[in-house]
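Data from input_38.txt: compact mmCIF, C-alpha atoms (C1' of nucleotides)
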# COMPACT_ATOMS: atom_id res chain seq x y z
CA MET A 1 8.97 6.52 -17.79
CA THR A 2 9.82 9.99 -16.56
CA THR A 3 9.56 12.93 -18.89
CA ARG A 4 13.23 13.48 -18.31
CA ALA A 5 14.05 9.98 -19.54
CA ALA A 6 11.81 10.44 -22.55
CA PHE A 7 13.60 13.67 -23.35
CA CYS A 8 16.92 11.90 -23.24
CA ILE A 9 15.78 9.11 -25.51
CA LEU A 10 14.46 11.60 -28.04
CA LEU A 11 17.78 13.38 -27.99
CA THR A 12 19.70 10.16 -28.44
CA MET A 13 17.54 8.90 -31.29
CA ALA A 14 17.68 12.23 -33.04
CA ASN A 15 21.37 12.65 -32.66
CA ARG A 16 22.80 9.14 -32.38
CA SER A 17 25.48 10.71 -30.12
CA TYR A 18 27.91 13.39 -31.11
CA HIS A 19 30.57 11.67 -33.14
CA HIS A 20 29.76 8.44 -34.91
CA GLY A 21 27.38 6.34 -32.95
CA ASP A 22 29.18 4.26 -30.40
CA LEU A 23 31.95 5.97 -28.48
CA ARG A 24 32.41 3.01 -26.16
CA ALA A 25 33.18 0.63 -29.00
CA ALA A 26 35.31 3.24 -30.75
CA LEU A 27 37.31 3.76 -27.56
CA LEU A 28 37.94 0.04 -27.17
CA GLU A 29 38.99 -0.30 -30.79
CA GLN A 30 41.33 2.68 -30.67
CA ALA A 31 42.71 1.50 -27.31
CA GLY A 32 43.51 -1.84 -28.93
CA ARG A 33 45.44 -0.08 -31.67
CA THR A 34 47.52 2.16 -29.42
CA LEU A 35 48.07 -0.74 -27.02
CA ARG A 36 49.60 -2.79 -29.81
CA GLU A 37 51.79 0.09 -30.95
CA LYS A 38 52.90 1.66 -27.71
CA GLY A 39 51.95 -0.56 -24.80
CA ALA A 40 49.52 -0.14 -21.94
CA SER A 41 51.64 2.28 -19.94
CA ALA A 42 51.71 4.73 -22.85
CA LEU A 43 47.96 4.60 -23.36
CA SER A 44 46.28 7.81 -22.23
CA LEU A 45 42.59 8.56 -22.13
CA ARG A 46 43.18 12.09 -23.34
CA GLU A 47 45.08 10.91 -26.41
CA LEU A 48 42.33 8.39 -27.13
CA ALA A 49 39.77 11.16 -26.93
CA ARG A 50 41.85 13.33 -29.24
CA ASP A 51 42.15 10.51 -31.78
CA LEU A 52 38.36 10.16 -31.79
CA ASN A 53 37.63 13.88 -31.88
CA VAL A 54 35.76 14.01 -28.61
CA SER A 55 36.49 16.03 -25.50
CA HIS A 56 38.96 14.59 -23.02
CA ALA A 57 36.15 14.11 -20.51
CA ALA A 58 33.96 12.06 -22.85
CA PRO A 59 35.54 8.64 -22.12
CA SER A 60 34.52 8.89 -18.49
CA ARG A 61 30.87 8.38 -19.49
CA HIS A 62 31.76 4.87 -20.68
CA PHE A 63 34.64 3.85 -18.42
CA LYS A 64 34.77 5.06 -14.88
CA ASP A 65 38.54 5.36 -15.00
CA ARG A 66 41.61 4.33 -16.94
CA ARG A 67 41.78 0.99 -15.18
CA ALA A 68 38.22 0.13 -16.22
CA LEU A 69 39.09 0.77 -19.85
CA LEU A 70 42.18 -1.41 -19.65
CA ASP A 71 40.17 -4.17 -17.96
CA ALA A 72 37.65 -4.05 -20.78
CA VAL A 73 40.46 -4.28 -23.34
CA ALA A 74 41.91 -7.26 -21.47
CA LEU A 75 38.52 -8.96 -21.43
CA LEU A 76 38.21 -8.51 -25.19
CA GLY A 77 41.70 -9.98 -25.41
CA PHE A 78 40.55 -13.14 -23.66
CA ALA A 79 37.64 -13.41 -26.05
CA ARG A 80 39.95 -13.01 -29.04
CA MET A 81 42.40 -15.54 -27.64
CA ALA A 82 39.58 -18.01 -27.04
CA GLU A 83 38.48 -17.52 -30.62
CA ALA A 84 42.03 -18.11 -31.87
CA LEU A 85 42.30 -21.34 -29.87
CA ALA A 86 38.91 -22.62 -30.97
CA LYS A 87 39.85 -21.90 -34.58
CA ALA A 88 43.21 -23.66 -34.24
CA ASP A 89 41.67 -26.77 -32.67
CA PRO A 90 41.86 -29.57 -35.26
CA GLY A 91 39.49 -31.74 -33.23
CA PRO A 92 39.93 -35.29 -31.95
CA GLU A 93 40.52 -36.76 -35.43
CA ALA A 94 43.96 -35.17 -35.57
CA GLY A 95 45.22 -37.37 -32.75
CA PHE A 96 46.17 -36.26 -29.26
CA ARG A 97 49.70 -35.08 -29.77
CA ALA A 98 48.96 -33.15 -32.96
CA ARG A 99 45.96 -31.54 -31.31
CA LEU A 100 47.92 -30.56 -28.22
CA GLU A 101 50.62 -29.11 -30.42
CA ALA A 102 48.15 -27.12 -32.52
CA LEU A 103 46.53 -25.59 -29.44
CA ALA A 104 49.88 -24.85 -27.84
CA ARG A 105 51.23 -23.25 -30.98
CA ALA A 106 48.16 -21.08 -31.33
CA THR A 107 48.62 -19.94 -27.73
CA VAL A 108 52.27 -19.06 -28.22
CA ASP A 109 51.60 -17.38 -31.58
CA PHE A 110 48.93 -15.22 -29.98
CA ALA A 111 51.25 -14.29 -27.12
CA VAL A 112 54.08 -13.34 -29.45
CA SER A 113 52.03 -11.43 -31.99
CA GLU A 114 50.00 -9.62 -29.32
CA ARG A 115 52.65 -9.18 -26.66
CA GLU A 116 51.27 -5.97 -25.21
CA LEU A 117 47.77 -7.39 -25.04
CA ILE A 118 48.91 -10.61 -23.40
CA ALA A 119 50.97 -8.62 -20.90
CA LEU A 120 47.86 -6.65 -20.01
CA MET A 121 45.71 -9.79 -19.79
CA PHE A 122 48.11 -11.64 -17.52
CA SER A 123 49.29 -8.81 -15.30
CA SER A 124 46.14 -7.30 -13.88
CA LYS A 125 45.38 -9.05 -10.63
CA ALA A 126 41.92 -10.59 -10.67
CA ASP A 127 39.40 -7.77 -10.41
CA THR A 128 36.81 -8.85 -7.88
CA ASP A 129 33.85 -6.97 -9.37
CA ALA A 130 34.37 -7.96 -13.02
CA LEU A 131 35.05 -11.53 -11.95
CA ASP A 132 31.99 -13.10 -13.60
CA ASP A 133 32.88 -11.86 -17.08
CA MET A 134 36.43 -12.96 -16.47
CA HIS A 135 35.36 -16.43 -15.43
CA GLU A 136 33.24 -16.84 -18.54
CA ALA A 137 36.13 -15.71 -20.73
CA TRP A 138 38.38 -18.25 -19.04
CA MET A 139 35.89 -21.05 -19.59
CA ARG A 140 35.72 -20.27 -23.29
CA LEU A 141 39.51 -20.20 -23.43
CA ALA A 142 39.88 -23.48 -21.60
CA ALA A 143 37.17 -25.38 -23.50
CA PRO A 144 39.37 -26.77 -26.30
CA VAL A 145 42.05 -27.78 -23.79
CA TYR A 146 39.51 -29.64 -21.68
CA ALA A 147 38.18 -31.36 -24.78
CA ALA A 148 41.67 -32.37 -25.89
CA ILE A 149 42.47 -33.87 -22.49
CA ALA A 150 39.12 -35.66 -22.20
CA ASP A 151 39.46 -37.13 -25.70
CA GLY A 152 43.04 -38.05 -24.89
CA GLN A 153 41.82 -40.04 -21.92
CA ARG A 154 39.33 -41.86 -24.17
CA THR A 155 42.02 -42.78 -26.69
CA GLY A 156 44.45 -43.86 -23.99
CA ASP A 157 46.92 -41.03 -24.59
CA VAL A 158 46.31 -39.40 -21.23
CA HIS A 159 46.20 -41.03 -17.81
CA ALA A 160 42.96 -41.16 -15.82
CA GLY A 161 42.05 -38.39 -13.43
CA ASP A 162 40.26 -35.07 -13.01
CA VAL A 163 40.10 -33.49 -16.46
CA GLU A 164 40.21 -29.95 -15.10
CA ARG A 165 43.34 -30.53 -13.04
CA ILE A 166 45.13 -32.25 -15.91
CA ALA A 167 44.10 -29.53 -18.35
CA TYR A 168 45.37 -26.87 -15.98
CA SER A 169 48.74 -28.61 -15.76
CA ALA A 170 49.00 -28.58 -19.52
CA PHE A 171 48.03 -24.93 -19.57
CA PHE A 172 50.69 -24.01 -17.00
CA THR A 173 53.43 -25.31 -19.23
CA VAL A 174 52.12 -23.75 -22.41
CA HIS A 175 51.46 -20.46 -20.67
CA GLY A 176 54.99 -20.49 -19.31
CA VAL A 177 56.41 -20.86 -22.81
CA ALA A 178 54.00 -18.27 -24.22
CA ASN A 179 54.83 -15.70 -21.55
CA LEU A 180 58.58 -16.15 -21.74
CA ALA A 181 58.45 -16.07 -25.54
CA SER A 182 56.37 -12.91 -25.60
CA ILE A 183 58.80 -10.95 -23.42
CA GLY A 184 61.85 -12.16 -25.28
CA VAL A 185 63.37 -14.45 -22.65
CA ILE A 186 63.06 -17.16 -25.29
CA PRO A 187 64.59 -15.65 -28.43
CA GLU A 188 62.35 -15.69 -31.48
CA ALA A 189 64.53 -18.26 -33.23
CA ASP A 190 64.30 -20.73 -30.32
CA ILE A 191 60.56 -20.64 -29.74
CA ASP A 192 59.70 -23.66 -31.87
CA GLN A 193 62.34 -25.81 -30.23
CA ALA A 194 61.41 -24.63 -26.74
CA LEU A 195 57.74 -25.37 -27.31
CA GLY A 196 58.59 -28.78 -28.78
CA ASP A 197 60.75 -29.61 -25.76
CA ALA A 198 58.04 -28.42 -23.38
CA LEU A 199 55.39 -30.58 -25.06
CA ASP A 200 57.68 -33.62 -25.15
CA HIS A 201 58.20 -33.27 -21.43
CA LEU A 202 54.55 -32.62 -20.82
CA VAL A 203 53.61 -35.83 -22.58
CA ARG A 204 56.50 -38.10 -21.64
CA GLY A 205 57.86 -36.54 -18.47
CA LEU A 206 61.41 -35.99 -17.31
CA ARG A 207 61.88 -39.65 -16.49
CA PRO A 208 64.09 -41.81 -18.71
CA MET B 1 93.10 15.36 -14.18
CA THR B 2 91.48 18.66 -15.03
CA THR B 3 91.14 21.32 -12.40
CA ARG B 4 87.40 21.11 -12.92
CA ALA B 5 87.40 17.40 -12.06
CA ALA B 6 89.56 18.02 -9.02
CA PHE B 7 87.12 20.68 -7.87
CA CYS B 8 84.24 18.26 -8.17
CA ILE B 9 86.04 15.55 -6.22
CA LEU B 10 86.83 17.99 -3.45
CA LEU B 11 83.19 19.00 -3.29
CA THR B 12 82.03 15.42 -3.19
CA MET B 13 84.45 14.35 -0.51
CA ALA B 14 83.65 17.37 1.60
CA ASN B 15 79.95 17.01 1.28
CA ARG B 16 79.33 13.34 0.52
CA SER B 17 76.24 14.52 -1.46
CA TYR B 18 73.36 16.49 -0.12
CA HIS B 19 71.11 14.08 1.70
CA HIS B 20 72.59 10.89 3.09
CA GLY B 21 75.32 9.63 0.93
CA ASP B 22 73.88 7.46 -1.79
CA LEU B 23 70.80 8.74 -3.52
CA ARG B 24 70.91 6.01 -6.14
CA ALA B 25 70.69 3.23 -3.56
CA ALA B 26 68.09 5.14 -1.59
CA LEU B 27 65.97 5.56 -4.70
CA LEU B 28 66.12 1.86 -5.48
CA GLU B 29 65.22 0.93 -1.94
CA GLN B 30 62.30 3.36 -1.76
CA ALA B 31 61.15 2.27 -5.23
CA GLY B 32 61.08 -1.31 -3.98
CA ARG B 33 58.85 -0.28 -1.09
CA THR B 34 56.33 1.71 -3.11
CA LEU B 35 56.36 -0.98 -5.80
CA ARG B 36 55.32 -3.58 -3.27
CA GLU B 37 52.60 -1.35 -1.84
CA LYS B 38 51.14 0.27 -4.92
CA GLY B 39 52.51 -1.40 -8.02
CA ALA B 40 54.75 -0.20 -10.81
CA SER B 41 52.14 1.92 -12.56
CA ALA B 42 51.61 4.00 -9.42
CA LEU B 43 55.30 4.61 -8.90
CA SER B 44 56.27 8.19 -9.67
CA LEU B 45 59.74 9.70 -9.66
CA ARG B 46 58.42 12.88 -8.07
CA GLU B 47 56.87 11.01 -5.18
CA LEU B 48 60.08 9.06 -4.68
CA ALA B 49 62.03 12.31 -4.58
CA ARG B 50 59.56 13.75 -2.07
CA ASP B 51 59.89 10.68 0.15
CA LEU B 52 63.66 11.12 0.16
CA ASN B 53 63.61 14.90 0.63
CA VAL B 54 65.36 15.76 -2.57
CA SER B 55 64.19 17.87 -5.46
CA HIS B 56 62.05 16.23 -8.10
CA ALA B 57 64.86 16.59 -10.63
CA ALA B 58 67.46 14.83 -8.51
CA PRO B 59 66.62 11.25 -9.60
CA SER B 60 67.51 12.08 -13.18
CA ARG B 61 71.19 12.22 -12.19
CA HIS B 62 71.07 8.51 -11.37
CA PHE B 63 68.44 7.15 -13.75
CA LYS B 64 68.02 8.68 -17.15
CA ASP B 65 64.27 8.17 -17.03
CA ARG B 66 61.50 6.31 -15.25
CA ARG B 67 62.00 3.20 -17.36
CA ALA B 68 65.68 3.01 -16.36
CA LEU B 69 64.75 3.09 -12.70
CA LEU B 70 62.16 0.33 -13.15
CA ASP B 71 64.67 -1.75 -15.10
CA ALA B 72 67.17 -1.41 -12.26
CA VAL B 73 64.50 -2.48 -9.76
CA ALA B 74 63.67 -5.48 -11.94
CA LEU B 75 67.34 -6.43 -12.13
CA LEU B 76 67.59 -6.32 -8.34
CA GLY B 77 64.49 -8.50 -8.29
CA PHE B 78 66.24 -11.15 -10.36
CA ALA B 79 69.18 -11.06 -7.98
CA ARG B 80 66.86 -11.47 -4.99
CA MET B 81 64.98 -14.29 -6.67
CA ALA B 82 68.25 -16.05 -7.50
CA GLU B 83 69.25 -15.71 -3.86
CA ALA B 84 65.92 -17.15 -2.72
CA LEU B 85 66.29 -20.13 -5.05
CA ALA B 86 69.89 -20.80 -4.06
CA LYS B 87 68.86 -20.66 -0.40
CA ALA B 88 65.94 -23.04 -0.95
CA ASP B 89 68.06 -25.58 -2.81
CA PRO B 90 68.48 -28.62 -0.53
CA GLY B 91 71.24 -30.02 -2.75
CA PRO B 92 71.52 -33.44 -4.39
CA GLU B 93 71.30 -35.35 -1.10
CA ALA B 94 67.59 -34.53 -0.82
CA GLY B 95 66.79 -36.64 -3.87
CA PHE B 96 65.60 -35.41 -7.25
CA ARG B 97 61.90 -35.03 -6.67
CA ALA B 98 62.27 -33.32 -3.28
CA ARG B 99 64.84 -30.97 -4.72
CA LEU B 100 62.68 -30.10 -7.72
CA GLU B 101 59.78 -29.47 -5.39
CA ALA B 102 61.80 -27.25 -3.08
CA LEU B 103 63.03 -25.11 -5.96
CA ALA B 104 59.58 -24.93 -7.52
CA ARG B 105 57.95 -23.97 -4.23
CA ALA B 106 60.51 -21.24 -3.62
CA THR B 107 59.79 -19.86 -7.09
CA VAL B 108 56.04 -19.81 -6.55
CA ASP B 109 56.40 -18.38 -3.03
CA PHE B 110 58.54 -15.57 -4.37
CA ALA B 111 56.05 -14.84 -7.14
CA VAL B 112 53.10 -14.75 -4.75
CA SER B 113 54.73 -12.71 -2.00
CA GLU B 114 56.32 -10.26 -4.46
CA ARG B 115 53.63 -10.12 -7.07
CA GLU B 116 54.29 -6.55 -8.16
CA LEU B 117 58.00 -7.19 -8.45
CA ILE B 118 57.53 -10.38 -10.43
CA ALA B 119 55.07 -8.63 -12.72
CA LEU B 120 57.70 -5.97 -13.38
CA MET B 121 60.44 -8.56 -13.89
CA PHE B 122 58.45 -10.61 -16.38
CA SER B 123 56.69 -7.88 -18.30
CA SER B 124 59.45 -5.61 -19.53
CA LYS B 125 60.54 -6.80 -22.93
CA ALA B 126 64.23 -7.58 -23.04
CA ASP B 127 66.11 -4.30 -22.99
CA THR B 128 68.85 -4.58 -25.57
CA ASP B 129 71.39 -2.29 -23.88
CA ALA B 130 71.12 -3.74 -20.35
CA LEU B 131 71.19 -7.24 -21.79
CA ASP B 132 74.51 -8.30 -20.28
CA ASP B 133 73.42 -7.65 -16.70
CA MET B 134 70.17 -9.39 -17.46
CA HIS B 135 71.92 -12.43 -18.84
CA GLU B 136 74.12 -12.71 -15.76
CA ALA B 137 71.07 -12.45 -13.49
CA TRP B 138 69.37 -15.21 -15.45
CA MET B 139 72.42 -17.45 -15.18
CA ARG B 140 72.44 -17.06 -11.42
CA LEU B 141 68.74 -17.79 -11.30
CA ALA B 142 69.03 -20.86 -13.47
CA ALA B 143 72.08 -22.34 -11.75
CA PRO B 144 70.24 -24.45 -9.13
CA VAL B 145 67.81 -25.72 -11.76
CA TYR B 146 70.65 -26.78 -14.04
CA ALA B 147 72.34 -28.50 -11.11
CA ALA B 148 69.16 -30.34 -10.14
CA ILE B 149 68.63 -31.60 -13.69
CA ALA B 150 72.29 -32.61 -14.13
CA ASP B 151 72.30 -34.46 -10.82
CA GLY B 152 68.96 -36.03 -11.74
CA GLN B 153 70.54 -37.41 -14.90
CA ARG B 154 73.38 -38.90 -12.84
CA THR B 155 70.97 -40.60 -10.44
CA GLY B 156 68.78 -41.86 -13.27
CA ASP B 157 65.79 -39.70 -12.40
CA VAL B 158 66.01 -37.64 -15.58
CA HIS B 159 66.43 -38.85 -19.14
CA ALA B 160 69.58 -38.09 -21.08
CA GLY B 161 69.89 -34.95 -23.18
CA ASP B 162 70.93 -31.32 -23.22
CA VAL B 163 70.80 -30.10 -19.63
CA GLU B 164 69.95 -26.55 -20.60
CA ARG B 165 66.99 -27.55 -22.74
CA ILE B 166 65.62 -29.89 -20.10
CA ALA B 167 66.10 -27.28 -17.38
CA TYR B 168 64.27 -24.72 -19.47
CA SER B 169 61.34 -27.06 -19.92
CA ALA B 170 61.13 -27.49 -16.16
CA PHE B 171 61.33 -23.76 -15.73
CA PHE B 172 58.49 -23.14 -18.22
CA THR B 173 56.11 -25.20 -16.16
CA VAL B 174 57.09 -23.74 -12.81
CA HIS B 175 57.05 -20.23 -14.20
CA GLY B 176 53.56 -20.84 -15.59
CA VAL B 177 52.30 -21.86 -12.16
CA ALA B 178 54.14 -18.98 -10.47
CA ASN B 179 52.78 -16.37 -12.85
CA LEU B 180 49.19 -17.62 -12.75
CA ALA B 181 49.34 -17.90 -8.97
CA SER B 182 50.73 -14.40 -8.56
CA ILE B 183 47.93 -12.78 -10.55
CA GLY B 184 45.19 -14.78 -8.85
CA VAL B 185 44.16 -17.05 -11.72
CA ILE B 186 45.05 -19.89 -9.38
CA PRO B 187 43.27 -19.08 -6.10
CA GLU B 188 45.53 -18.97 -3.07
CA ALA B 189 43.95 -22.11 -1.62
CA ASP B 190 44.65 -24.15 -4.75
CA ILE B 191 48.28 -23.23 -5.29
CA ASP B 192 49.77 -26.21 -3.48
CA GLN B 193 47.62 -28.68 -5.36
CA ALA B 194 48.24 -26.96 -8.69
CA LEU B 195 51.98 -26.99 -8.16
CA GLY B 196 51.88 -30.64 -7.07
CA ASP B 197 49.92 -31.57 -10.19
CA ALA B 198 52.28 -29.62 -12.39
CA LEU B 199 55.35 -31.35 -10.94
CA ASP B 200 53.73 -34.77 -11.18
CA HIS B 201 53.10 -34.15 -14.86
CA LEU B 202 56.54 -32.70 -15.35
CA VAL B 203 58.15 -35.84 -13.94
CA ARG B 204 55.77 -38.52 -15.12
CA GLY B 205 54.09 -36.95 -18.14
CA LEU B 206 50.49 -37.03 -19.26
CA ARG B 207 50.78 -40.62 -20.47
CA PRO B 208 49.10 -43.40 -18.52
C1' DA C 1 21.83 10.15 -22.35
C1' DC C 2 25.81 11.95 -23.91
C1' DC C 3 29.15 15.26 -24.38
C1' DT C 4 31.79 19.88 -23.42
C1' DG C 5 34.95 23.24 -21.04
C1' DA C 6 37.17 24.69 -17.23
C1' DA C 7 39.55 23.54 -13.11
C1' DC C 8 42.52 20.85 -10.02
C1' DA C 9 46.22 18.25 -8.66
C1' DC C 10 49.25 15.63 -10.35
C1' DC C 11 53.04 13.74 -13.81
C1' DG C 12 58.20 13.10 -16.63
C1' DT C 13 61.80 15.60 -18.63
C1' DT C 14 64.95 19.30 -19.52
C1' DC C 15 68.18 22.90 -18.40
C1' DA C 16 70.44 26.91 -16.62
C1' DA C 17 72.15 27.81 -12.23
C1' DG C 18 74.08 26.95 -7.71
C1' DT C 19 77.61 24.41 -4.29
C1' DA D 1 79.79 15.58 -9.16
C1' DC D 2 75.52 16.34 -7.46
C1' DC D 3 71.57 18.79 -6.67
C1' DT D 4 67.99 22.81 -7.14
C1' DG D 5 64.13 25.67 -9.18
C1' DA D 6 61.63 27.00 -12.84
C1' DA D 7 59.50 25.84 -17.07
C1' DC D 8 57.12 22.93 -20.46
C1' DA D 9 54.01 19.78 -22.10
C1' DC D 10 51.62 16.45 -20.72
C1' DC D 11 48.35 13.44 -17.51
C1' DG D 12 43.46 11.48 -14.84
C1' DT D 13 39.43 12.93 -12.66
C1' DT D 14 35.58 15.79 -11.43
C1' DC D 15 31.64 18.73 -12.22
C1' DA D 16 28.59 22.32 -13.61
C1' DA D 17 26.68 23.30 -17.91
C1' DG D 18 24.97 22.55 -22.54
C1' DT D 19 22.04 19.73 -26.26

Please rewrite the model in this file as structure tokens.
Amino acid sequence: MTTRAAFCILLTMANRSYHHGDLRAALLEQAGRTLREKGASALSLRELARDLNVSHAAPSRHFKDRRALLDAVALLGFARMAEALAKADPGPEAGFRARLEALARATVDFAVSERELIALMFSSKADTDALDDMHEAWMRLAAPVYAAIADGQRTGDVHAGDVERIAYSAFFTVHGVANLASIGVIPEADIDQALGDALDHLVRGLRP
Amino acid sequence: MTTRAAFCILLTMANRSYHHGDLRAALLEQAGRTLREKGASALSLRELARDLNVSHAAPSRHFKDRRALLDAVALLGFARMAEALAKADPGPEAGFRARLEALARATVDFAVSERELIALMFSSKADTDALDDMHEAWMRLAAPVYAAIADGQRTGDVHAGDVERIAYSAFFTVHGVANLASIGVIPEADIDQALGDALDHLVRGLRP
DNA sequence: ACCTGAACACCGTTCAAGT
DNA sequence: ACCTGAACACCGTTCAAGT
């Protein structure tokens, strides 16, 4: 260890940073709040810094630029959405259709109640350097859907075939409803019916 | 007519405006270009004005603010997408499945080749004052899908029921694929397979 | 290591004034 | 009607300097 590094550690331990311990976490939390209230385009690093009583240049120590902060917020969003789905999963005992419906409804509810967050999550084109974190977040999100499809195959509710491809197809439909509901293309009052229709078609198909 | 108004008309006819006749159209066109190249968040009114050799305040005569310009670009996007769909529609003679596939492929192609435009179109929450224009654009977009479903019911390819609700369900799925493809969640190489899977499930359902 | 303060090159929006 | 020029209050980013 260099003496310089030791000096820094001493400073950090003595001071615990200038404001309240963890500026990075505080920035993410505050960013989440202003995102919800005003949307991503209205989120400014300088305002964030002001809200947290640090200088406007302080955020750059933790996020190399505005985009990096928004990417981190989006990643947290995926984690929260995965948590919401896992929590909403009633498990195989509920039966395939009820389980599918519970997962779908949780997805749409999340999209509607966190519209700015979902817009951020599903607008940023895949960032090639943060791709590993992203992939892990996606796996956690997809896990209950995979499980539902695999169990559905076991119980004879779902046709045979590659679980991943079938699960993706189900996700396409639900994501379509969730996205269109969150931006208001599907009016609030019609969301339940639209999701019900979508799931009916997903299970039974368009055929007579 | 007031003398003031007459004076203005004389000025306009004599001069035909300061640069090349139709700043509003020029702004929309240039906005479309920079949108495609750099995305909506990097689009600035001042840069647009610079590109068109007008003062930075000139755009405000045609669009009350940045949001209004972006909304107008999005509206044009819907018109272009409707045109693309109408053009891709092979008509009822092609058979239901081929027609559905053609329309779906055109949708996904548009989303992938115009990713910034589609992101703009499907991110702005429904603007309550420009809602009439929006509704008309949606009707034009949905027309071929409605027709395909209605014809499918006649030929026995689609079950009976409310055409609009069935068409919406089809659109949810295709939109889900288009959106996820445009942001890179579905890798370019997998798009064809993903869309094929989605349409198979849409037609036949998840059931065995 | 973590933050500050000043500096730089941008923004959107408004408004009196010109033609 | 349509545009200009100046002014105002913001931005993101960088960088030497402090602790």

Please provide as a compact mmCIF listing (two decimals) with C-alpha atoms (C1' of nucleotides), keeping the file's coordinate frame all residues within 8 Å of segment 10-12 of chain D, with the sequence filter that same-chain residues fewer than 3 positions apart are discarded (counting only C-alpha atoms (C1' of nucleotides)).
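Saved file around23.txt follows:
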# COMPACT_ATOMS: atom_id res chain seq x y z
CA SER A 44 46.28 7.81 -22.23
CA LEU A 45 42.59 8.56 -22.13
CA ARG A 46 43.18 12.09 -23.34
CA ASP A 65 38.54 5.36 -15.00
CA ARG A 66 41.61 4.33 -16.94
C1' DC C 10 49.25 15.63 -10.35
C1' DC C 11 53.04 13.74 -13.81

Any idea what the distance is between atom CA of Leu206 of chain B and atom CA of Val158 of chain A? 5.2 Å

Taking 6 positions as the minimum chain separation for residues in the same chain, which residues sit within 12 Å of Arg115 of chain B when counting all atoms listed in the file? Answer as an NGL selection string. (:A and (122-125)) or (:B and (32 or 35-40 or 77 or 107-109 or 121-123 or 178-184))

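The two atoms in question, atom CA of Glu83 of chain A and atom CA of Ala42 of chain A, are spaced 27.0 Å apart.
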
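If you look at atom CA of Leu76 of chain A and atom CA of Thr34 of chain A, they are 14.8 Å away from each other.
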
Ala57 of chain B: which residues within 8 Å, counting all atoms listed in the file, same-chain residues fewer than 3 positions away excluded, as a list in words? Arg46, Ala49, Ser60 and Arg61 of chain B; DT4 of chain D

Please tabulate, as a Markdown table, the residues of chain C that come within 7 Å of chain A, each with its closest pair of atoms and the distance in Å to one decimal, counting all atoms listed in the file and ordering rows by chain, then residue number upward.
| residue | atom | partner | partner_atom | distance |
| --- | --- | --- | --- | --- |
| C:DA1 | C1' | A:Cys8 | CA | 5.3 |
| C:DC2 | C1' | A:Ser17 | CA | 6.3 |
| C:DC3 | C1' | A:Ala58 | CA | 6.0 |
| C:DT4 | C1' | A:Ser55 | CA | 6.4 |

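Near segment 102-106 of chain B, within a cut-off of 10 Å and counting all atoms listed in the file, sit the residues Met81, Ala84, Leu85, Ala86, Lys87, Ala88, Asp89, Pro90, Gly91, Ala94, Phe96, Val112, Pro144, Val145, Ala148, Ala170, Phe171, Thr173, Val174, His175, Val177, Ala178, Ile191, Asp192, Leu195, Gly196, Ala198 and Leu199 of chain B, with same-chain residues fewer than 6 positions away left out.
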
Near Arg33 of chain A, counting all atoms listed in the file, which residues have an atom at most 12 Å away, once you skip same-chain residues fewer than 6 positions from it, shown as a VMD selection string? chain A and resid 26 to 27 39 to 40 42 to 43 48 51 73 114 116 to 117

Within 9 Å of (55.2, -36.1, -15.3), in the coordinates the file gives, what residues turn up when you count only C-alpha atoms (C1' of nucleotides), written out as an NGL selection string? (:A and (201-207)) or (:B and (197-207))

I need the residues from that last selection saved to file as a compact mmCIF listing (two decimals), in the coordinates of the input (with C-alpha atoms), if you can.
# COMPACT_ATOMS: atom_id res chain seq x y z
CA HIS A 201 58.20 -33.27 -21.43
CA LEU A 202 54.55 -32.62 -20.82
CA VAL A 203 53.61 -35.83 -22.58
CA ARG A 204 56.50 -38.10 -21.64
CA GLY A 205 57.86 -36.54 -18.47
CA LEU A 206 61.41 -35.99 -17.31
CA ARG A 207 61.88 -39.65 -16.49
CA ASP B 197 49.92 -31.57 -10.19
CA ALA B 198 52.28 -29.62 -12.39
CA LEU B 199 55.35 -31.35 -10.94
CA ASP B 200 53.73 -34.77 -11.18
CA HIS B 201 53.10 -34.15 -14.86
CA LEU B 202 56.54 -32.70 -15.35
CA VAL B 203 58.15 -35.84 -13.94
CA ARG B 204 55.77 -38.52 -15.12
CA GLY B 205 54.09 -36.95 -18.14
CA LEU B 206 50.49 -37.03 -19.26
CA ARG B 207 50.78 -40.62 -20.47

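Distances here use all atoms listed in the file; by that measure, the residue among A:Val163, A:Tyr146, A:Arg50, A:Ser41 closest to chain B is A:Ser41.
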
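Checking A:Ala119, A:Ala111, A:Leu131, A:Ala167 one by one against chain B, counting all atoms listed in the file, you find the shortest gap at A:Ala119.
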
I'd like the box whose edges run along x, y and z of the file and which contains every listed atom of segment 111-115 of chain B, padded by 5 Å per side; could you state its centre and edge lengths in Å, one decimal, as JSON?
{"center_x": 54.7, "center_y": -12.5, "center_z": -4.6, "size_x": 13.2, "size_y": 14.7, "size_z": 15.1}

Counting only C-alpha atoms (C1' of nucleotides), which residues sit no farther than 12 Å from the position (59.5, 25.9, -19.5) in the file's frame? I'd like them as a short mmCIF file (atom, residue, chain, number, x, y, z; two decimals) with C-alpha atoms (C1' of nucleotides), in the coordinates of the input.
data_model
loop_
_atom_site.label_atom_id
_atom_site.label_comp_id
_atom_site.auth_asym_id
_atom_site.auth_seq_id
_atom_site.Cartn_x
_atom_site.Cartn_y
_atom_site.Cartn_z
"C1'" DT C 13 61.80 15.60 -18.63
"C1'" DT C 14 64.95 19.30 -19.52
"C1'" DC C 15 68.18 22.90 -18.40
"C1'" DA C 16 70.44 26.91 -16.62
"C1'" DG D 5 64.13 25.67 -9.18
"C1'" DA D 6 61.63 27.00 -12.84
"C1'" DA D 7 59.50 25.84 -17.07
"C1'" DC D 8 57.12 22.93 -20.46
"C1'" DA D 9 54.01 19.78 -22.10
#
